[in-house]
Structure formats: C-alpha cells, structure tokens
Amino acid sequence: MALSFELIGIGEDMAMFRALVTFLPVAALLSLTPGAATAMVVRSAVRGGRRRAFFTTAGNSLGVLAWAAFAAVGIATVIATSAEAFTAVKLLGGVVLIAMGARSLRRGQPEARGAGEAGAVAIDSNQKALRDGLVTSLANPKLAVFFVALFPQFVPPRGAVFPTALGMAAVIVGVDLVWYSILAFVVSRAKRALADGPWQRRIDRVTGAVLVGLGVRLALERR
C-alpha cells in the first residue's frame with residue numbers, strides 16, 4: 001500500500017512537470033509580447049541601469065505570483081467572469097498606467113532637468129521601482145483572464161491546483177527574469193550613447209506616451 005501511494009505521488013509529480021514544460025512556450029509568448037511591463041523595465045533601465053530594472057522586474061514577478069495565487073483560490077475567476085469586477089480592475093489599471101506615463105512625460109520636459117535632476121533620481125529609488133512593477137502587474141486584469149482561461153488546461157487530472165498555479169507562475173517569472181535582464185542589459189549598454197543630453201528627455205517622453213497609450217487602451221478596451 002505504501003509503495004502504491006509512493007508511485008501515485010511520483011506519477012503526479014511527473015504529470016505536473018510535463019504540464020509545466022508544455023506551458024513554457026506560452027509563458028515565453030506572454031513575456032516577449034510588448035506591454036506595460038516591458039515599458040516599465042525599459043524606463044527603469046534608462047533611469048537607473050540594470051539594478052533598477054531588476055527591481056521593476058521583481059515587482060512585476062511578485063504580481064504574477066499573486067495572480068497565480070488568486071487563480072488557485074478563485075478570486076481571479078470572479079474578476080474575469082464578473083463584468084463589474086473586471087471593469088473596476090481595468091479602470092484602476094488604466095489610471096495607474098496613465099499616471100505613470102504622465103510622470104514620465106513631465107520628466108521629459110526641458111524644465112524638469114537641471115538642478116532638480118539629482119533629487120528626482122534620488123526619489124526614483126529601487127524601492128519605488130519595485131512598487132511600480134508590482135502595482136502595474138496587480139492592476140492588469142488581463143493576467144486574471146490569462147490564468148482563468150489557460151490555467152485549467154494545464155492542470156493534470158487529479159493534479160494539485162495550488163502547486164500547479166505557483167509552478168506556472170514560477171515559469172513565467174523565470175522567463176521574465178531572463179528576458180527582462182537581457183532587455184535591461186541592452187538598454188543600459190546603449191544608455192551612455194542615447195540617454196545623455198536631449199536623448200534622456202526623448203526617452204522619457206516616448207516611454208511616457210507608451211504608458212499613457214496603454215492605460216487609455218486598457219481603460220477603453222472591451223473583453
């Protein structure tokens with residue numbers, strides 16, 4: 001009997017492993033598709049280098065883990081299936097992105113530079129980058145829809161729901177760390193050539209406009 005239970009446990013572990021391997025291309029597609037997280041990582045890399053971009057990525061990853069936990073306990077299902085809840089999260093996400101974009105646009109103005117630049121950089125700390133990444137991820141209702149729509153398809157028969165959800169989230173986080181680290185490295189290497197002088201303001205304006213555009217699209221988008 002003990003051997004039978006042990007074999008069942010091994011079988012369940014192998015089934016979960018196969019499910020996560022199958023899920024890997026989906027996670028890669030999710031990470032590589034440009035969106036608010038990509039814009040935030042690029043902005044952080046421009047303003048503070050790879051270290052700050054890592055904190056933004058870490059915050060985004062914490063949000064992904066949170067949505068996976070929400071999916072496992074059913075909260076994400078409520079948000080994805082309730083029009084009112086989805087609309088509330090969608091509007092909140094749009095406001096968050098627009099506010100972050102407006103802040104970048106203000107920094108892109110010539111008068112925002114000069115004497116106040118050091119103070120602005122000091123305020124824009126690693127902790128703030130972590131918070132921005134987390135808030136951006138949590139305010140994204142598309143993650144709720146993603147986990148609700150795809151999550152059940154990768155849960156093995158009689159598989160444990162919560163460990164599978166966290167495993168899927170860990171796969172996404174792993175791909176995010178690799179992809180965003182590469183992106184931050186490329187941006188940081190180009191920073192000295194592109195971010196000096198007027199290029200810093202231009203990059204702030206571009207990333208700000210992208211975030212505002214994503215926020216408006218998210219707020220107005222229908223499911």
# chains A, B, ... in the order shown; residues from 1 in each chain; ligands from 1
>>> residues_around(residues="Gly48 in chain A", least_positions_apart="3", cutoff="9 Å", atoms="only C-alpha atoms", output="list in words")
Arg43, Ser44, Ala45, Arg51, Arg52, Ala53, Val121, Asp124, Ser125, Asn126 and Ser188 of chain A
>>> closest_atom_pairs(of="range 123-186 of chain A", to="range 208-220 of chain A", cutoff="12 Å", atoms="only C-alpha atoms", output="CSV")
residue,atom,partner,partner_atom,distance
A:Thr136,CA,A:Gly215,CA,10.3
A:Ala139,CA,A:Leu218,CA,10.3
A:Asn140,CA,A:Leu218,CA,8.6
A:Pro141,CA,A:Leu218,CA,9.0
A:Lys142,CA,A:Leu218,CA,9.2
>>> write_last_selection(atoms="N, CA and C atoms", output="PDB file, in the first residue's frame")
ATOM      1  N   THR A 136       1.818  47.788 -11.345  1.00  0.00           N
ATOM      2  CA  THR A 136       1.481  47.586 -12.755  1.00  0.00           C
ATOM      3  C   THR A 136       0.969  46.180 -12.997  1.00  0.00           C
ATOM      4  N   ALA A 139      -2.507  45.591 -11.258  1.00  0.00           N
ATOM      5  CA  ALA A 139      -3.593  46.360 -11.866  1.00  0.00           C
ATOM      6  C   ALA A 139      -3.899  45.908 -13.289  1.00  0.00           C
ATOM      7  N   ASN A 140      -3.340  44.768 -13.694  1.00  0.00           N
ATOM      8  CA  ASN A 140      -3.548  44.261 -15.048  1.00  0.00           C
ATOM      9  C   ASN A 140      -4.596  43.152 -15.031  1.00  0.00           C
ATOM     10  N   PRO A 141      -5.839  43.444 -15.394  1.00  0.00           N
ATOM     11  CA  PRO A 141      -6.877  42.405 -15.348  1.00  0.00           C
ATOM     12  C   PRO A 141      -6.661  41.325 -16.391  1.00  0.00           C
ATOM     13  N   LYS A 142      -5.841  41.599 -17.396  1.00  0.00           N
ATOM     14  CA  LYS A 142      -5.560  40.589 -18.409  1.00  0.00           C
ATOM     15  C   LYS A 142      -4.865  39.376 -17.801  1.00  0.00           C
TER      16      LYS A 142
END
>>> atom_distance(atom1="CA of Ala170 in chain A", atom2="CA of Leu65 in chain A")
7.3 Å
>>> residues_around(residues="Ala66 in chain A", least_positions_apart="4", cutoff="12 Å", atoms="only C-alpha atoms", output="PDB file with N, CA and C atoms, in the first residue's frame")
ATOM      1  N   GLY A  59       9.222  43.339  -8.952  1.00  0.00           N
ATOM      2  CA  GLY A  59       7.875  43.761  -8.584  1.00  0.00           C
ATOM      3  C   GLY A  59       6.829  43.164  -9.496  1.00  0.00           C
ATOM      4  N   ASN A  60       7.107  43.160 -10.794  1.00  0.00           N
ATOM      5  CA  ASN A  60       6.189  42.547 -11.750  1.00  0.00           C
ATOM      6  C   ASN A  60       6.017  41.063 -11.460  1.00  0.00           C
ATOM      7  N   SER A  61       7.116  40.388 -11.112  1.00  0.00           N
ATOM      8  CA  SER A  61       7.065  38.955 -10.815  1.00  0.00           C
ATOM      9  C   SER A  61       6.229  38.668  -9.573  1.00  0.00           C
ATOM     10  N   LEU A  62       6.342  39.520  -8.560  1.00  0.00           N
ATOM     11  CA  LEU A  62       5.510  39.358  -7.366  1.00  0.00           C
ATOM     12  C   LEU A  62       4.024  39.464  -7.727  1.00  0.00           C
ATOM     13  N   PHE A  70      -4.285  34.020  -6.677  1.00  0.00           N
ATOM     14  CA  PHE A  70      -5.693  34.408  -6.805  1.00  0.00           C
ATOM     15  C   PHE A  70      -6.449  33.397  -7.663  1.00  0.00           C
ATOM     16  N   ALA A  71      -5.805  32.934  -8.747  1.00  0.00           N
ATOM     17  CA  ALA A  71      -6.448  31.961  -9.631  1.00  0.00           C
ATOM     18  C   ALA A  71      -6.699  30.658  -8.892  1.00  0.00           C
ATOM     19  N   ALA A  72      -5.730  30.250  -8.063  1.00  0.00           N
ATOM     20  CA  ALA A  72      -5.861  28.985  -7.344  1.00  0.00           C
ATOM     21  C   ALA A  72      -7.006  29.021  -6.346  1.00  0.00           C
ATOM     22  N   VAL A  73      -7.247  30.174  -5.735  1.00  0.00           N
ATOM     23  CA  VAL A  73      -8.311  30.258  -4.727  1.00  0.00           C
ATOM     24  C   VAL A  73      -9.618  30.793  -5.307  1.00  0.00           C
ATOM     25  N   ILE A  75     -10.290  33.843  -6.813  1.00  0.00           N
ATOM     26  CA  ILE A  75     -10.536  35.294  -6.900  1.00  0.00           C
ATOM     27  C   ILE A  75     -10.414  35.779  -8.342  1.00  0.00           C
ATOM     28  N   ALA A  76      -9.403  35.271  -9.053  1.00  0.00           N
ATOM     29  CA  ALA A  76      -9.213  35.689 -10.445  1.00  0.00           C
ATOM     30  C   ALA A  76     -10.418  35.299 -11.292  1.00  0.00           C
ATOM     31  N   LEU A 134       5.195  46.077  -9.200  1.00  0.00           N
ATOM     32  CA  LEU A 134       4.145  45.321  -8.527  1.00  0.00           C
ATOM     33  C   LEU A 134       2.771  45.895  -8.835  1.00  0.00           C
ATOM     34  N   VAL A 135       2.628  47.218  -8.724  1.00  0.00           N
ATOM     35  CA  VAL A 135       1.329  47.851  -8.960  1.00  0.00           C
ATOM     36  C   VAL A 135       0.885  47.646 -10.404  1.00  0.00           C
ATOM     37  N   SER A 137       1.599  45.195 -12.370  1.00  0.00           N
ATOM     38  CA  SER A 137       1.188  43.802 -12.551  1.00  0.00           C
ATOM     39  C   SER A 137      -0.157  43.522 -11.895  1.00  0.00           C
ATOM     40  N   LEU A 138      -0.335  43.986 -10.668  1.00  0.00           N
ATOM     41  CA  LEU A 138      -1.586  43.740  -9.958  1.00  0.00           C
ATOM     42  C   LEU A 138      -2.776  44.442 -10.614  1.00  0.00           C
ATOM     43  N   ALA A 139      -2.507  45.591 -11.258  1.00  0.00           N
ATOM     44  CA  ALA A 139      -3.593  46.360 -11.866  1.00  0.00           C
ATOM     45  C   ALA A 139      -3.899  45.908 -13.289  1.00  0.00           C
ATOM     46  N   ASN A 140      -3.340  44.768 -13.694  1.00  0.00           N
ATOM     47  CA  ASN A 140      -3.548  44.261 -15.048  1.00  0.00           C
ATOM     48  C   ASN A 140      -4.596  43.152 -15.031  1.00  0.00           C
ATOM     49  N   LEU A 143      -4.108  39.584 -16.727  1.00  0.00           N
ATOM     50  CA  LEU A 143      -3.488  38.447 -16.054  1.00  0.00           C
ATOM     51  C   LEU A 143      -4.553  37.557 -15.417  1.00  0.00           C
ATOM     52  N   ALA A 144      -5.613  38.157 -14.910  1.00  0.00           N
ATOM     53  CA  ALA A 144      -6.712  37.362 -14.363  1.00  0.00           C
ATOM     54  C   ALA A 144      -7.341  36.503 -15.458  1.00  0.00           C
ATOM     55  N   PHE A 147      -4.893  33.625 -16.509  1.00  0.00           N
ATOM     56  CA  PHE A 147      -4.840  32.467 -15.621  1.00  0.00           C
ATOM     57  C   PHE A 147      -6.151  31.686 -15.635  1.00  0.00           C
ATOM     58  N   PHE A 162      -3.178  24.336  -6.390  1.00  0.00           N
ATOM     59  CA  PHE A 162      -2.335  25.437  -5.914  1.00  0.00           C
ATOM     60  C   PHE A 162      -0.874  25.274  -6.319  1.00  0.00           C
ATOM     61  N   ALA A 165      -0.555  26.079 -10.007  1.00  0.00           N
ATOM     62  CA  ALA A 165      -0.655  27.515 -10.275  1.00  0.00           C
ATOM     63  C   ALA A 165       0.648  28.221  -9.946  1.00  0.00           C
ATOM     64  N   LEU A 166       1.232  27.899  -8.798  1.00  0.00           N
ATOM     65  CA  LEU A 166       2.506  28.521  -8.427  1.00  0.00           C
ATOM     66  C   LEU A 166       3.617  28.071  -9.369  1.00  0.00           C
ATOM     67  N   MET A 168       3.258  27.324 -12.588  1.00  0.00           N
ATOM     68  CA  MET A 168       3.088  28.099 -13.810  1.00  0.00           C
ATOM     69  C   MET A 168       3.595  29.522 -13.628  1.00  0.00           C
ATOM     70  N   ALA A 169       3.266  30.107 -12.479  1.00  0.00           N
ATOM     71  CA  ALA A 169       3.743  31.460 -12.216  1.00  0.00           C
ATOM     72  C   ALA A 169       5.264  31.493 -12.141  1.00  0.00           C
ATOM     73  N   ALA A 170       5.863  30.450 -11.547  1.00  0.00           N
ATOM     74  CA  ALA A 170       7.324  30.396 -11.459  1.00  0.00           C
ATOM     75  C   ALA A 170       7.962  30.298 -12.833  1.00  0.00           C
ATOM     76  N   VAL A 173       7.791  33.777 -14.233  1.00  0.00           N
ATOM     77  CA  VAL A 173       8.784  34.608 -13.549  1.00  0.00           C
ATOM     78  C   VAL A 173      10.184  34.298 -14.078  1.00  0.00           C
TER      79      VAL A 173
END
>>> atom_distance(atom1="CA of Ala129 in chain A", atom2="CA of Val41 in chain A")
9.0 Å
>>> atom_distance(atom1="CA of Asp132 in chain A", atom2="CA of Ile79 in chain A")
21.7 Å
>>> residues_around(residues="range 102-104 of chain A", least_positions_apart="4", cutoff="7 Å", atoms="only C-alpha atoms", output="ChimeraX atom specification")
/A:98,108,204-205,207-208,212
>>> closest_residue(among="A:Ala19, A:Leu29, A:Leu150, A:Val64", to="Thr77 in chain A", atoms="only C-alpha atoms")
A:Leu150
>>> residues_around(residues="Gly167 in chain A", least_positions_apart="3", cutoff="12 Å", atoms="only C-alpha atoms", output="list in words")
Asp13, Met16, Phe17, Arg18, Ala19, Leu20, Val21, Phe23, Leu24, Ala27, Val64, Leu65, Ala68, Ala69, Ala72, Phe151, Phe154, Val155, Ala160, Val161, Phe162, Pro163, Thr164, Ala170, Val171, Ile172, Val173 and Gly174 of chain A
>>> write_last_selection(atoms="N, CA and C atoms", output="PDB file, in the first residue's frame")
ATOM      1  N   ASP A  13       3.841  13.992  -9.737  1.00  0.00           N
ATOM      2  CA  ASP A  13       4.967  14.918  -9.926  1.00  0.00           C
ATOM      3  C   ASP A  13       5.388  14.960 -11.397  1.00  0.00           C
ATOM      4  N   MET A  16       2.810  16.919 -13.379  1.00  0.00           N
ATOM      5  CA  MET A  16       2.971  18.362 -13.192  1.00  0.00           C
ATOM      6  C   MET A  16       4.179  18.868 -13.972  1.00  0.00           C
ATOM      7  N   PHE A  17       5.274  18.109 -13.947  1.00  0.00           N
ATOM      8  CA  PHE A  17       6.475  18.513 -14.679  1.00  0.00           C
ATOM      9  C   PHE A  17       6.182  18.620 -16.171  1.00  0.00           C
ATOM     10  N   ARG A  18       5.474  17.634 -16.727  1.00  0.00           N
ATOM     11  CA  ARG A  18       5.132  17.681 -18.149  1.00  0.00           C
ATOM     12  C   ARG A  18       4.223  18.861 -18.452  1.00  0.00           C
ATOM     13  N   ALA A  19       3.292  19.161 -17.535  1.00  0.00           N
ATOM     14  CA  ALA A  19       2.393  20.296 -17.743  1.00  0.00           C
ATOM     15  C   ALA A  19       3.168  21.603 -17.772  1.00  0.00           C
ATOM     16  N   LEU A  20       4.154  21.749 -16.891  1.00  0.00           N
ATOM     17  CA  LEU A  20       4.939  22.978 -16.843  1.00  0.00           C
ATOM     18  C   LEU A  20       5.837  23.110 -18.068  1.00  0.00           C
ATOM     19  N   VAL A  21       6.391  21.990 -18.546  1.00  0.00           N
ATOM     20  CA  VAL A  21       7.206  22.030 -19.765  1.00  0.00           C
ATOM     21  C   VAL A  21       6.334  22.434 -20.957  1.00  0.00           C
ATOM     22  N   PHE A  23       3.755  24.251 -20.783  1.00  0.00           N
ATOM     23  CA  PHE A  23       3.356  25.639 -20.571  1.00  0.00           C
ATOM     24  C   PHE A  23       4.473  26.623 -20.915  1.00  0.00           C
ATOM     25  N   LEU A  24       5.717  26.167 -20.979  1.00  0.00           N
ATOM     26  CA  LEU A  24       6.864  27.052 -21.187  1.00  0.00           C
ATOM     27  C   LEU A  24       6.727  27.938 -22.429  1.00  0.00           C
ATOM     28  N   ALA A  27       4.374  30.754 -21.674  1.00  0.00           N
ATOM     29  CA  ALA A  27       4.999  31.746 -20.786  1.00  0.00           C
ATOM     30  C   ALA A  27       5.960  32.634 -21.563  1.00  0.00           C
ATOM     31  N   VAL A  64       2.715  38.673 -10.652  1.00  0.00           N
ATOM     32  CA  VAL A  64       2.358  37.437 -11.360  1.00  0.00           C
ATOM     33  C   VAL A  64       2.087  36.311 -10.359  1.00  0.00           C
ATOM     34  N   LEU A  65       2.953  36.184  -9.356  1.00  0.00           N
ATOM     35  CA  LEU A  65       2.742  35.168  -8.324  1.00  0.00           C
ATOM     36  C   LEU A  65       1.428  35.399  -7.580  1.00  0.00           C
ATOM     37  N   ALA A  68      -1.428  34.254  -9.729  1.00  0.00           N
ATOM     38  CA  ALA A  68      -1.491  32.795  -9.735  1.00  0.00           C
ATOM     39  C   ALA A  68      -2.174  32.287  -8.469  1.00  0.00           C
ATOM     40  N   ALA A  69      -1.821  32.888  -7.327  1.00  0.00           N
ATOM     41  CA  ALA A  69      -2.471  32.500  -6.073  1.00  0.00           C
ATOM     42  C   ALA A  69      -3.955  32.849  -6.111  1.00  0.00           C
ATOM     43  N   ALA A  72      -5.730  30.250  -8.063  1.00  0.00           N
ATOM     44  CA  ALA A  72      -5.861  28.985  -7.344  1.00  0.00           C
ATOM     45  C   ALA A  72      -7.006  29.021  -6.346  1.00  0.00           C
ATOM     46  N   PHE A 151      -5.107  28.435 -17.298  1.00  0.00           N
ATOM     47  CA  PHE A 151      -4.695  27.649 -16.146  1.00  0.00           C
ATOM     48  C   PHE A 151      -5.344  26.264 -16.103  1.00  0.00           C
ATOM     49  N   PHE A 154      -3.824  23.330 -18.177  1.00  0.00           N
ATOM     50  CA  PHE A 154      -2.519  22.766 -17.853  1.00  0.00           C
ATOM     51  C   PHE A 154      -2.504  22.027 -16.517  1.00  0.00           C
ATOM     52  N   VAL A 155      -3.637  21.994 -15.835  1.00  0.00           N
ATOM     53  CA  VAL A 155      -3.695  21.248 -14.579  1.00  0.00           C
ATOM     54  C   VAL A 155      -3.899  19.771 -14.892  1.00  0.00           C
ATOM     55  N   ALA A 160      -2.739  18.698  -8.144  1.00  0.00           N
ATOM     56  CA  ALA A 160      -2.923  19.704  -7.090  1.00  0.00           C
ATOM     57  C   ALA A 160      -2.998  21.084  -7.727  1.00  0.00           C
ATOM     58  N   VAL A 161      -4.068  21.812  -7.445  1.00  0.00           N
ATOM     59  CA  VAL A 161      -4.319  23.083  -8.128  1.00  0.00           C
ATOM     60  C   VAL A 161      -3.322  24.155  -7.689  1.00  0.00           C
ATOM     61  N   PHE A 162      -3.178  24.336  -6.390  1.00  0.00           N
ATOM     62  CA  PHE A 162      -2.335  25.437  -5.914  1.00  0.00           C
ATOM     63  C   PHE A 162      -0.874  25.274  -6.319  1.00  0.00           C
ATOM     64  N   PRO A 163      -0.246  24.101  -6.118  1.00  0.00           N
ATOM     65  CA  PRO A 163       1.144  23.942  -6.570  1.00  0.00           C
ATOM     66  C   PRO A 163       1.304  24.130  -8.075  1.00  0.00           C
ATOM     67  N   THR A 164       0.313  23.679  -8.848  1.00  0.00           N
ATOM     68  CA  THR A 164       0.396  23.856 -10.295  1.00  0.00           C
ATOM     69  C   THR A 164       0.330  25.330 -10.667  1.00  0.00           C
ATOM     70  N   ALA A 170       5.863  30.450 -11.547  1.00  0.00           N
ATOM     71  CA  ALA A 170       7.324  30.396 -11.459  1.00  0.00           C
ATOM     72  C   ALA A 170       7.962  30.298 -12.833  1.00  0.00           C
ATOM     73  N   VAL A 171       7.314  29.592 -13.752  1.00  0.00           N
ATOM     74  CA  VAL A 171       7.815  29.511 -15.124  1.00  0.00           C
ATOM     75  C   VAL A 171       7.780  30.893 -15.776  1.00  0.00           C
ATOM     76  N   ILE A 172       6.657  31.614 -15.595  1.00  0.00           N
ATOM     77  CA  ILE A 172       6.555  32.967 -16.149  1.00  0.00           C
ATOM     78  C   ILE A 172       7.622  33.874 -15.548  1.00  0.00           C
ATOM     79  N   VAL A 173       7.791  33.777 -14.233  1.00  0.00           N
ATOM     80  CA  VAL A 173       8.784  34.608 -13.549  1.00  0.00           C
ATOM     81  C   VAL A 173      10.184  34.298 -14.078  1.00  0.00           C
ATOM     82  N   GLY A 174      10.493  33.024 -14.259  1.00  0.00           N
ATOM     83  CA  GLY A 174      11.807  32.647 -14.775  1.00  0.00           C
ATOM     84  C   GLY A 174      12.068  33.213 -16.159  1.00  0.00           C
TER      85      GLY A 174
END
>>> closest_residue(among="A:Val26, A:Ala88, A:Ala99, A:Met40", to="Gln153 in chain A", atoms="only C-alpha atoms")
A:Val26
